[in-house]
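K.L.:
Got a structure for you, model_28.pdb, holding PDB, C-alpha atoms, pLDDT in the B column.
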```
ATOM      1  CA  MET A 144      35.694 -15.589 -19.843  1.00 82.00           C
ATOM      2  CA  MET A 145      35.167 -13.660 -23.105  1.00 84.00           C
ATOM      3  CA  GLU A 146      31.393 -14.026 -22.823  1.00 85.00           C
ATOM      4  CA  LEU A 147      31.482 -12.772 -19.239  1.00 83.00           C
ATOM      5  CA  ILE A 148      33.604  -9.769 -20.273  1.00 82.00           C
ATOM      6  CA  PHE A 149      31.125  -9.035 -23.090  1.00 84.00           C
ATOM      7  CA  HIS A 150      28.100  -9.039 -20.782  1.00 81.00           C
ATOM      8  CA  ALA A 151      29.932  -7.010 -18.126  1.00 81.00           C
ATOM      9  CA  THR A 152      30.942  -4.500 -20.831  1.00 81.00           C
ATOM     10  CA  VAL A 153      27.319  -4.140 -21.952  1.00 81.00           C
ATOM     11  CA  ARG A 154      26.292  -3.622 -18.321  1.00 80.00           C
ATOM     12  CA  ASN A 155      28.926  -0.890 -17.913  1.00 79.00           C
ATOM     13  CA  VAL A 156      27.777   0.865 -21.077  1.00 79.00           C
ATOM     14  CA  ARG A 157      24.172   0.876 -19.874  1.00 76.00           C
ATOM     15  CA  LYS A 158      24.666   1.550 -16.164  1.00 74.00           C
ATOM     16  CA  ASN A 159      25.125   5.343 -16.459  1.00 66.00           C
ATOM     17  CA  HIS A 160      21.774   5.695 -18.206  1.00 63.00           C
ATOM     18  CA  GLY A 161      18.896   3.276 -18.753  1.00 65.00           C
ATOM     19  CA  ASN A 162      18.757   4.250 -22.425  1.00 68.00           C
ATOM     20  CA  PRO A 163      22.190   3.675 -24.045  1.00 67.00           C
ATOM     21  CA  ALA A 164      21.380   6.132 -26.862  1.00 73.00           C
ATOM     22  CA  ILE A 165      20.785   8.923 -24.320  1.00 77.00           C
ATOM     23  CA  GLY A 166      24.014   7.984 -22.552  1.00 74.00           C
ATOM     24  CA  LEU A 167      25.893   8.229 -25.852  1.00 78.00           C
ATOM     25  CA  LEU A 168      24.304  11.599 -26.679  1.00 82.00           C
ATOM     26  CA  MET A 169      25.329  12.932 -23.270  1.00 84.00           C
ATOM     27  CA  ASN A 170      28.936  11.864 -23.905  1.00 81.00           C
ATOM     28  CA  ILE A 171      28.860  13.428 -27.394  1.00 84.00           C
ATOM     29  CA  PHE A 172      27.508  16.659 -25.890  1.00 85.00           C
ATOM     30  CA  GLN A 173      30.312  16.671 -23.307  1.00 84.00           C
ATOM     31  CA  THR A 174      32.901  16.178 -26.061  1.00 83.00           C
ATOM     32  CA  VAL A 175      31.417  18.923 -28.254  1.00 85.00           C
ATOM     33  CA  MET A 176      31.296  21.312 -25.288  1.00 86.00           C
ATOM     34  CA  LEU A 177      34.980  20.664 -24.533  1.00 84.00           C
ATOM     35  CA  VAL A 178      35.914  21.211 -28.185  1.00 82.00           C
ATOM     36  CA  GLY A 179      33.942  24.479 -28.183  1.00 83.00           C
ATOM     37  CA  VAL A 180      35.588  25.708 -24.980  1.00 83.00           C
ATOM     38  CA  PHE A 181      39.091  25.016 -26.295  1.00 80.00           C
ATOM     39  CA  TYR A 182      38.239  26.520 -29.696  1.00 79.00           C
ATOM     40  CA  ILE A 183      37.242  29.770 -27.977  1.00 82.00           C
ATOM     41  CA  MET A 184      40.263  29.557 -25.658  1.00 78.00           C
ATOM     42  CA  PHE A 185      42.632  29.289 -28.636  1.00 74.00           C
ATOM     43  CA  HIS A 186      41.133  32.485 -30.070  1.00 73.00           C
ATOM     44  CA  VAL A 187      41.170  34.388 -26.768  1.00 72.00           C
ATOM     45  CA  LEU A 188      44.761  33.416 -25.898  1.00 68.00           C
ATOM     46  CA  GLY A 189      45.959  33.955 -29.467  1.00 66.00           C
ATOM     47  CA  LEU A 190      47.253  30.390 -29.778  1.00 63.00           C
ATOM     48  CA  ARG A 191      45.732  29.787 -33.186  1.00 61.00           C
ATOM     49  CA  ARG A 192      48.836  31.078 -34.955  1.00 62.00           C
ATOM     50  CA  ASN A 193      50.808  28.225 -33.341  1.00 59.00           C
ATOM     51  CA  ALA A 194      48.490  25.556 -34.736  1.00 62.00           C
ATOM     52  CA  ILE A 195      49.280  23.209 -37.604  1.00 72.00           C
ATOM     53  CA  ARG A 196      48.633  24.403 -41.146  1.00 75.00           C
ATOM     54  CA  GLY A 197      45.367  22.641 -41.978  1.00 74.00           C
ATOM     55  CA  ASP A 198      41.889  22.335 -40.509  1.00 78.00           C
ATOM     56  CA  PHE A 199      42.043  24.206 -37.196  1.00 82.00           C
ATOM     57  CA  LEU A 200      38.989  22.529 -35.655  1.00 84.00           C
ATOM     58  CA  LEU A 201      40.414  19.093 -36.508  1.00 86.00           C
ATOM     59  CA  TYR A 202      43.598  20.176 -34.719  1.00 86.00           C
ATOM     60  CA  VAL A 203      41.541  20.979 -31.599  1.00 86.00           C
ATOM     61  CA  MET A 204      39.486  17.778 -31.867  1.00 88.00           C
ATOM     62  CA  SER A 205      42.581  15.580 -32.243  1.00 88.00           C
ATOM     63  CA  GLY A 206      43.816  16.614 -28.804  1.00 88.00           C
ATOM     64  CA  ILE A 207      40.376  16.514 -27.166  1.00 90.00           C
ATOM     65  CA  PHE A 208      39.512  13.012 -28.429  1.00 91.00           C
ATOM     66  CA  MET A 209      42.756  11.463 -27.168  1.00 92.00           C
ATOM     67  CA  TYR A 210      42.547  13.327 -23.868  1.00 92.00           C
ATOM     68  CA  MET A 211      38.934  12.232 -23.317  1.00 91.00           C
ATOM     69  CA  THR A 212      39.727   8.628 -24.254  1.00 93.00           C
ATOM     70  CA  HIS A 213      42.662   8.570 -21.812  1.00 93.00           C
ATOM     71  CA  ILE A 214      40.935  10.073 -18.771  1.00 92.00           C
ATOM     72  CA  LYS A 215      37.640   8.235 -19.334  1.00 91.00           C
ATOM     73  CA  ALA A 216      39.475   4.891 -19.483  1.00 92.00           C
ATOM     74  CA  LEU A 217      41.401   5.797 -16.338  1.00 93.00           C
ATOM     75  CA  GLY A 218      38.242   6.863 -14.500  1.00 90.00           C
ATOM     76  CA  ALA A 219      36.275   3.797 -15.606  1.00 89.00           C
ATOM     77  CA  VAL A 220      38.967   1.311 -14.553  1.00 90.00           C
ATOM     78  CA  ALA A 221      39.850   3.110 -11.307  1.00 88.00           C
ATOM     79  CA  GLY A 222      36.163   3.206 -10.398  1.00 84.00           C
ATOM     80  CA  CYS A 223      35.231  -0.353 -11.341  1.00 81.00           C
ATOM     81  CA  GLY A 224      34.475  -3.092  -8.808  1.00 71.00           C
ATOM     82  CA  GLY A 225      37.420  -3.861  -6.580  1.00 65.00           C
ATOM     83  CA  PRO A 226      38.032  -7.053  -4.578  1.00 63.00           C
ATOM     84  CA  THR A 227      35.552  -6.020  -1.850  1.00 62.00           C
ATOM     85  CA  SER A 228      32.682  -4.966  -4.146  1.00 65.00           C
ATOM     86  CA  ALA A 229      29.342  -6.792  -4.127  1.00 64.00           C
ATOM     87  CA  MET A 230      29.817  -8.050  -7.704  1.00 65.00           C
ATOM     88  CA  MET A 231      32.839 -10.108  -6.631  1.00 64.00           C
ATOM     89  CA  LYS A 232      30.568 -12.310  -4.490  1.00 64.00           C
ATOM     90  CA  HIS A 233      29.356 -14.023  -7.668  1.00 65.00           C
ATOM     91  CA  ALA A 234      31.596 -16.974  -8.497  1.00 64.00           C
ATOM     92  CA  PRO A 235      32.365 -16.360 -12.208  1.00 72.00           C
ATOM     93  CA  MET A 236      33.113 -12.673 -11.596  1.00 73.00           C
ATOM     94  CA  ASN A 237      36.632 -11.493 -10.815  1.00 77.00           C
ATOM     95  CA  THR A 238      38.593  -8.243 -10.874  1.00 80.00           C
ATOM     96  CA  LEU A 239      40.221  -9.039 -14.233  1.00 84.00           C
ATOM     97  CA  VAL A 240      36.772  -9.197 -15.845  1.00 84.00           C
ATOM     98  CA  ALA A 241      35.795  -5.955 -14.089  1.00 84.00           C
ATOM     99  CA  ILE A 242      38.941  -4.162 -15.333  1.00 88.00           C
ATOM    100  CA  ALA A 243      38.614  -5.454 -18.918  1.00 89.00           C
ATOM    101  CA  SER A 244      34.901  -4.647 -19.170  1.00 88.00           C
ATOM    102  CA  ALA A 245      35.335  -1.148 -17.712  1.00 89.00           C
ATOM    103  CA  ALA A 246      38.162  -0.383 -20.155  1.00 91.00           C
ATOM    104  CA  LEU A 247      36.290  -1.792 -23.184  1.00 91.00           C
ATOM    105  CA  SER A 248      33.027   0.005 -22.360  1.00 89.00           C
ATOM    106  CA  SER A 249      34.949   3.286 -22.080  1.00 89.00           C
ATOM    107  CA  LEU A 250      36.684   2.652 -25.416  1.00 92.00           C
ATOM    108  CA  TYR A 251      33.367   1.806 -27.112  1.00 89.00           C
ATOM    109  CA  ILE A 252      31.672   5.004 -25.940  1.00 88.00           C
ATOM    110  CA  GLN A 253      34.621   7.269 -26.780  1.00 90.00           C
ATOM    111  CA  VAL A 254      35.256   5.807 -30.248  1.00 91.00           C
ATOM    112  CA  LEU A 255      31.556   5.977 -31.090  1.00 88.00           C
ATOM    113  CA  SER A 256      31.331   9.575 -29.826  1.00 88.00           C
ATOM    114  CA  ALA A 257      34.440  10.644 -31.759  1.00 89.00           C
ATOM    115  CA  GLY A 258      33.162   8.929 -34.909  1.00 89.00           C
ATOM    116  CA  VAL A 259      29.779  10.672 -34.699  1.00 88.00           C
ATOM    117  CA  VAL A 260      31.324  14.119 -34.067  1.00 88.00           C
ATOM    118  CA  ILE A 261      33.825  13.746 -36.937  1.00 90.00           C
ATOM    119  CA  TYR A 262      31.155  12.450 -39.333  1.00 90.00           C
ATOM    120  CA  VAL A 263      28.762  15.319 -38.550  1.00 88.00           C
ATOM    121  CA  TYR A 264      31.587  17.849 -38.986  1.00 87.00           C
ATOM    122  CA  HIS A 265      32.686  16.200 -42.250  1.00 88.00           C
ATOM    123  CA  ALA A 266      29.162  15.883 -43.691  1.00 89.00           C
ATOM    124  CA  ALA A 267      27.554  19.098 -42.475  1.00 86.00           C
ATOM    125  CA  ILE A 268      30.297  21.695 -42.079  1.00 83.00           C
ATOM    126  CA  GLN A 269      33.527  20.964 -43.934  1.00 85.00           C
ATOM    127  CA  PRO A 270      35.038  17.862 -45.558  1.00 87.00           C
ATOM    128  CA  ILE A 271      38.142  16.623 -43.751  1.00 85.00           C
ATOM    129  CA  GLU A 272      40.924  14.280 -44.781  1.00 85.00           C
ATOM    130  CA  PHE A 273      43.366  12.273 -42.672  1.00 87.00           C
ATOM    131  CA  HIS A 274      46.957  11.863 -43.791  1.00 87.00           C
ATOM    132  CA  ASP A 275      47.279   8.415 -42.141  1.00 88.00           C
ATOM    133  CA  LEU A 276      44.030   7.255 -40.522  1.00 89.00           C
ATOM    134  CA  PRO A 277      45.315   3.853 -39.247  1.00 91.00           C
ATOM    135  CA  GLY A 278      48.202   5.617 -37.496  1.00 91.00           C
ATOM    136  CA  ALA A 279      45.837   8.149 -35.897  1.00 91.00           C
ATOM    137  CA  ILE A 280      43.584   5.317 -34.662  1.00 92.00           C
ATOM    138  CA  GLY A 281      46.664   3.567 -33.284  1.00 93.00           C
ATOM    139  CA  MET A 282      47.566   6.655 -31.220  1.00 93.00           C
ATOM    140  CA  LEU A 283      43.974   6.812 -29.937  1.00 94.00           C
ATOM    141  CA  LEU A 284      44.237   3.172 -28.836  1.00 94.00           C
ATOM    142  CA  ILE A 285      47.554   3.805 -27.077  1.00 94.00           C
ATOM    143  CA  SER A 286      45.951   6.784 -25.285  1.00 94.00           C
ATOM    144  CA  TRP A 287      43.177   4.447 -24.158  1.00 94.00           C
ATOM    145  CA  ALA A 288      45.568   1.672 -23.117  1.00 95.00           C
ATOM    146  CA  SER A 289      47.777   4.021 -21.081  1.00 94.00           C
ATOM    147  CA  GLY A 290      44.704   5.402 -19.289  1.00 93.00           C
ATOM    148  CA  ALA A 291      43.462   1.874 -18.525  1.00 94.00           C
ATOM    149  CA  ALA A 292      46.923   0.856 -17.229  1.00 94.00           C
ATOM    150  CA  ILE A 293      47.169   3.855 -14.872  1.00 94.00           C
ATOM    151  CA  GLY A 294      43.574   3.205 -13.801  1.00 93.00           C
ATOM    152  CA  THR A 295      44.528  -0.393 -12.907  1.00 92.00           C
ATOM    153  CA  LEU A 296      47.302   0.892 -10.636  1.00 92.00           C
ATOM    154  CA  PHE A 297      44.925   3.361  -8.970  1.00 91.00           C
ATOM    155  CA  LEU A 298      42.332   0.581  -8.545  1.00 90.00           C
ATOM    156  CA  ALA A 299      44.909  -1.612  -6.788  1.00 88.00           C
ATOM    157  CA  LEU A 300      45.815   1.196  -4.372  1.00 88.00           C
ATOM    158  CA  LYS A 301      42.246   2.346  -3.753  1.00 87.00           C
ATOM    159  CA  PRO A 302      41.228  -0.214  -1.048  1.00 83.00           C
ATOM    160  CA  TRP A 303      44.193   0.869   1.077  1.00 84.00           C
ATOM    161  CA  GLN A 304      43.391   4.608   0.945  1.00 84.00           C
ATOM    162  CA  PRO A 305      39.993   5.159  -0.740  1.00 82.00           C
ATOM    163  CA  GLU A 306      39.634   8.902  -0.081  1.00 86.00           C
ATOM    164  CA  THR A 307      43.252   9.682  -0.974  1.00 88.00           C
ATOM    165  CA  MET A 308      43.138   7.717  -4.228  1.00 87.00           C
ATOM    166  CA  SER A 309      39.866   9.382  -5.255  1.00 87.00           C
ATOM    167  CA  ILE A 310      41.563  12.762  -4.843  1.00 91.00           C
ATOM    168  CA  VAL A 311      44.680  11.567  -6.711  1.00 91.00           C
ATOM    169  CA  THR A 312      42.531  10.273  -9.589  1.00 89.00           C
ATOM    170  CA  GLN A 313      40.717  13.597  -9.900  1.00 90.00           C
ATOM    171  CA  LEU A 314      43.980  15.542  -9.648  1.00 91.00           C
ATOM    172  CA  TYR A 315      45.550  13.462 -12.421  1.00 90.00           C
ATOM    173  CA  GLN A 316      42.526  13.953 -14.684  1.00 88.00           C
ATOM    174  CA  ARG A 317      42.417  17.714 -14.069  1.00 88.00           C
ATOM    175  CA  ALA A 318      46.191  18.122 -14.398  1.00 88.00           C
ATOM    176  CA  ASN A 319      46.088  16.492 -17.831  1.00 88.00           C
ATOM    177  CA  MET A 320      43.970  19.391 -19.086  1.00 85.00           C
ATOM    178  CA  ILE A 321      47.344  21.159 -19.301  1.00 84.00           C
ATOM    179  CA  ALA A 322      49.957  18.404 -18.882  1.00 83.00           C
ATOM    180  CA  SER A 323      48.702  16.483 -21.928  1.00 84.00           C
ATOM    181  CA  GLY A 324      49.996  19.322 -24.103  1.00 79.00           C
ATOM    182  CA  LYS A 325      46.943  19.267 -26.339  1.00 80.00           C
ATOM    183  CA  MET A 326      47.047  23.060 -26.602  1.00 79.00           C
ATOM    184  CA  PHE A 327      50.658  23.100 -27.802  1.00 78.00           C
ATOM    185  CA  LEU A 328      52.867  21.643 -30.519  1.00 82.00           C
ATOM    186  CA  ALA A 329      56.003  19.862 -29.326  1.00 81.00           C
ATOM    187  CA  ASN A 330      57.943  21.125 -32.363  1.00 82.00           C
ATOM    188  CA  ALA A 331      57.150  24.747 -31.440  1.00 80.00           C
ATOM    189  CA  MET A 332      58.005  24.453 -27.731  1.00 80.00           C
ATOM    190  CA  PRO A 333      61.373  25.564 -26.273  1.00 80.00           C
ATOM    191  CA  THR A 334      63.442  22.805 -24.692  1.00 81.00           C
ATOM    192  CA  SER A 335      62.988  24.224 -21.191  1.00 80.00           C
ATOM    193  CA  LYS A 336      59.195  23.966 -21.521  1.00 81.00           C
ATOM    194  CA  LEU A 337      59.311  20.599 -23.299  1.00 84.00           C
ATOM    195  CA  LYS A 338      60.760  18.977 -20.175  1.00 82.00           C
ATOM    196  CA  LEU A 339      57.553  19.818 -18.307  1.00 82.00           C
ATOM    197  CA  PHE A 340      55.478  17.673 -20.671  1.00 85.00           C
ATOM    198  CA  ASP A 341      57.581  14.872 -22.192  1.00 85.00           C
ATOM    199  CA  TRP A 342      57.185  12.624 -19.097  1.00 88.00           C
ATOM    200  CA  ASN A 343      53.501  12.234 -19.930  1.00 89.00           C
ATOM    201  CA  PRO A 344      52.628   9.338 -22.296  1.00 91.00           C
ATOM    202  CA  LEU A 345      49.485  11.213 -23.365  1.00 91.00           C
ATOM    203  CA  PHE A 346      51.635  14.134 -24.557  1.00 91.00           C
ATOM    204  CA  HIS A 347      53.474  11.762 -26.900  1.00 92.00           C
ATOM    205  CA  THR A 348      50.340  10.097 -28.286  1.00 93.00           C
ATOM    206  CA  ILE A 349      48.640  13.445 -28.991  1.00 91.00           C
ATOM    207  CA  ASP A 350      51.729  14.834 -30.722  1.00 90.00           C
ATOM    208  CA  GLN A 351      52.294  11.641 -32.722  1.00 92.00           C
ATOM    209  CA  GLY A 352      48.586  11.503 -33.548  1.00 91.00           C
ATOM    210  CA  ARG A 353      48.751  14.968 -35.074  1.00 89.00           C
ATOM    211  CA  GLY A 354      51.700  13.794 -37.146  1.00 89.00           C
ATOM    212  CA  PHE A 355      49.523  10.996 -38.559  1.00 91.00           C
ATOM    213  CA  ILE A 356      46.491  13.259 -39.038  1.00 89.00           C
ATOM    214  CA  PHE A 357      48.179  16.242 -40.727  1.00 88.00           C
ATOM    215  CA  LEU A 358      50.370  16.088 -43.810  1.00 85.00           C
ATOM    216  CA  ASN A 359      52.276  19.245 -42.822  1.00 84.00           C
ATOM    217  CA  TYR A 360      53.347  18.161 -39.334  1.00 85.00           C
ATOM    218  CA  HIS A 361      56.283  15.887 -38.559  1.00 87.00           C
ATOM    219  CA  PRO A 362      56.855  15.288 -34.809  1.00 87.00           C
ATOM    220  CA  HIS A 363      60.516  15.554 -33.787  1.00 86.00           C
ATOM    221  CA  TYR A 364      60.320  15.551 -29.977  1.00 86.00           C
ATOM    222  CA  SER A 365      57.896  12.705 -29.324  1.00 86.00           C
ATOM    223  CA  ASN A 366      57.641   9.024 -30.192  1.00 88.00           C
ATOM    224  CA  TYR A 367      55.062   6.277 -29.835  1.00 89.00           C
ATOM    225  CA  MET A 368      57.425   3.727 -28.280  1.00 92.00           C
ATOM    226  CA  TYR A 369      57.689   5.675 -25.016  1.00 92.00           C
ATOM    227  CA  PRO A 370      53.933   5.530 -24.194  1.00 93.00           C
ATOM    228  CA  LEU A 371      53.861   1.854 -25.247  1.00 93.00           C
ATOM    229  CA  LYS A 372      56.690   0.988 -22.849  1.00 94.00           C
ATOM    230  CA  VAL A 373      55.219   3.085 -20.026  1.00 94.00           C
ATOM    231  CA  THR A 374      51.796   1.479 -20.548  1.00 94.00           C
ATOM    232  CA  PHE A 375      53.262  -2.029 -20.423  1.00 95.00           C
ATOM    233  CA  VAL A 376      55.324  -1.355 -17.279  1.00 95.00           C
ATOM    234  CA  ILE A 377      52.490   0.380 -15.392  1.00 94.00           C
ATOM    235  CA  LEU A 378      50.010  -2.332 -16.406  1.00 93.00           C
ATOM    236  CA  ILE A 379      52.284  -5.087 -15.085  1.00 94.00           C
ATOM    237  CA  ILE A 380      52.881  -3.184 -11.829  1.00 94.00           C
ATOM    238  CA  GLY A 381      49.146  -2.481 -11.538  1.00 91.00           C
ATOM    239  CA  LEU A 382      48.192  -6.139 -12.030  1.00 90.00           C
ATOM    240  CA  ILE A 383      50.792  -7.292  -9.491  1.00 92.00           C
ATOM    241  CA  ALA A 384      49.559  -4.687  -6.995  1.00 90.00           C
ATOM    242  CA  GLU A 385      45.936  -5.642  -7.680  1.00 87.00           C
ATOM    243  CA  ASN A 386      46.747  -9.320  -7.061  1.00 86.00           C
ATOM    244  CA  PHE A 387      48.422  -8.426  -3.757  1.00 87.00           C
ATOM    245  CA  THR A 388      45.471  -6.220  -2.732  1.00 84.00           C
ATOM    246  CA  ARG A 389      42.943  -8.912  -3.652  1.00 80.00           C
ATOM    247  CA  LYS A 390      44.666 -11.420  -1.373  1.00 79.00           C
ATOM    248  CA  HIS A 391      44.792  -9.026   1.586  1.00 75.00           C
ATOM    249  CA  ALA A 392      41.589  -7.007   1.147  1.00 68.00           C
ATOM    250  CA  SER A 393      38.868  -7.349   3.722  1.00 61.00           C
ATOM    251  CA  LEU A 394      35.170  -6.476   3.528  1.00 53.00           C
ATOM    252  CA  SER A 395      35.534  -4.729   6.876  1.00 51.00           C
ATOM    253  CA  TRP A 396      37.715  -2.061   5.195  1.00 57.00           C
ATOM    254  CA  GLY A 397      34.600  -0.547   3.689  1.00 53.00           C
ATOM    255  CA  ALA A 398      32.505  -0.782   6.844  1.00 49.00           C
ATOM    256  CA  LYS A 399      31.124   2.442   8.282  1.00 47.00           C
ATOM    257  CA  HIS A 400      31.747   3.108  11.970  1.00 42.00           C
TER     258      HIS A 400
END
```
For the structure just supplied, provide its representation as structure tokens.

P.N.:
Amino acid sequence: MMELIFHATVRNVRKNHGNPAIGLLMNIFQTVMLVGVFYIMFHVLGLRRNAIRGDFLLYVMSGIFMYMTHIKALGAVAGCGGPTSAMMKHAPMNTLVAIASAALSSLYIQVLSAGVVIYVYHAAIQPIEFHDLPGAIGMLLISWASGAAIGTLFLALKPWQPETMSIVTQLYQRANMIASGKMFLANAMPTSKLKLFDWNPLFHTIDQGRGFIFLNYHPHYSNYMYPLKVTFVILIIGLIAENFTRKHASLSWGAKH
């Protein structure tokens, strides 16, 4: 099973581009572009004064990396081979392998991209220092796990309403541009506005991650146990729903009339 997941993960990493190095560079470019856009947006909207005392670009990158890891994991899992896909015709292959390999390939690409961007910034522009690096990595992993769990639920629902679930997946990814709260600090938000964001597990991981990254920030309105619990519950529901879908799915669902 582990060997099959490994080979399926490698296939997922390579399937977007024949040359994995080019695929990685494209993902790095996308990340850098998003960081640049938000850096300019902070200046235009005058939000820089609300940022944490410390490296401002690291503040922007901390939110972008966790957001990208979350939505890429969700997109990869929600778009992986379902019970009616051609890959499932091969005996050793199953949906659990497809889900695990899609999630791991997404994590590999995002961690590698984030590592390259941070190293280049540290070596070429300005040295940076993390207050608690293991804690920051832990929040990145929780962001990834929550995205993979939600993606599993979307994957289970997709065979029933393919077009609707594709729209819902895109809406969720776009909505998290704002709903993730990566442009704001929970400590600086009024209670009335905080209620609009604290339902989102990604909001908690980004805020907690900044607490681990920066010495001068101590999150008071977020915690890492909430996204862990939400991830576990959604993953269990998603796996149960996927098992039900797998038993009732039919190849004729995808037939064109």

K.L.:
If I put a ball of radius 12 Å at (41.6, 13.3, -42.7) in the file's coordinates, which residues poke into it when counting only C-alpha atoms, written as a ChimeraX atom specification?

P.N.:
/A:197-198,200-202,204-205,261-262,264-265,269-280,352-358

K.L.:
I'd like the residues picked by the PyMOL selection byres ((chain A and resi 312) around 10) written out as a PDB file with C-alpha atoms, keeping the file's coordinate frame, using the chain letters and numbers from the file.

P.N.:
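The result, stored in result.pdb:
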```pdb
ATOM      1  CA  ILE A 214      40.935  10.073 -18.771  1.00 92.00           C
ATOM      2  CA  LEU A 217      41.401   5.797 -16.338  1.00 93.00           C
ATOM      3  CA  GLY A 218      38.242   6.863 -14.500  1.00 90.00           C
ATOM      4  CA  ALA A 221      39.850   3.110 -11.307  1.00 88.00           C
ATOM      5  CA  GLY A 222      36.163   3.206 -10.398  1.00 84.00           C
ATOM      6  CA  ILE A 293      47.169   3.855 -14.872  1.00 94.00           C
ATOM      7  CA  GLY A 294      43.574   3.205 -13.801  1.00 93.00           C
ATOM      8  CA  PHE A 297      44.925   3.361  -8.970  1.00 91.00           C
ATOM      9  CA  LEU A 298      42.332   0.581  -8.545  1.00 90.00           C
ATOM     10  CA  LYS A 301      42.246   2.346  -3.753  1.00 87.00           C
ATOM     11  CA  THR A 307      43.252   9.682  -0.974  1.00 88.00           C
ATOM     12  CA  MET A 308      43.138   7.717  -4.228  1.00 87.00           C
ATOM     13  CA  SER A 309      39.866   9.382  -5.255  1.00 87.00           C
ATOM     14  CA  ILE A 310      41.563  12.762  -4.843  1.00 91.00           C
ATOM     15  CA  VAL A 311      44.680  11.567  -6.711  1.00 91.00           C
ATOM     16  CA  GLN A 313      40.717  13.597  -9.900  1.00 90.00           C
ATOM     17  CA  LEU A 314      43.980  15.542  -9.648  1.00 91.00           C
ATOM     18  CA  TYR A 315      45.550  13.462 -12.421  1.00 90.00           C
ATOM     19  CA  GLN A 316      42.526  13.953 -14.684  1.00 88.00           C
ATOM     20  CA  ARG A 317      42.417  17.714 -14.069  1.00 88.00           C
ATOM     21  CA  ALA A 318      46.191  18.122 -14.398  1.00 88.00           C
TER      22      ALA A 318
END
```

K.L.:
With only C-alpha atoms as the basis for distance, which of A:Leu239, A:Val203, A:Ile252, A:Leu378 is at the shortest distance from Leu328 in chain A?

P.N.:
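Closest to Leu328 in chain A, using only C-alpha atoms: A:Val203.
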
K.L.:
For Leu345 in chain A, which of A:Asn170, A:Thr238, A:Thr212, A:Ser249 is the closest residue, counting only C-alpha atoms?

P.N.:
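Using only C-alpha atoms, the shortest distance to Leu345 in chain A belongs to A:Thr212.
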
K.L.:
For CA of Gly324 in chain A and CA of Met176 in chain A, quote the distance in Å rounded to one decimal.

P.N.:
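Rounded to one decimal, the two atoms are 18.8 Å apart.
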
K.L.:
Using all atoms listed in the file, which residue out of A:Ile165, A:Met184, A:Leu371, A:Leu300 lies closest to Ile383 in chain A?

P.N.:
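The closest residue to Ile383 in chain A is A:Leu300.
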
K.L.:
Between CA of Tyr182 in chain A and CA of Ala329 in chain A, what is the distance, to one decimal in Å?

P.N.:
19.0 Å
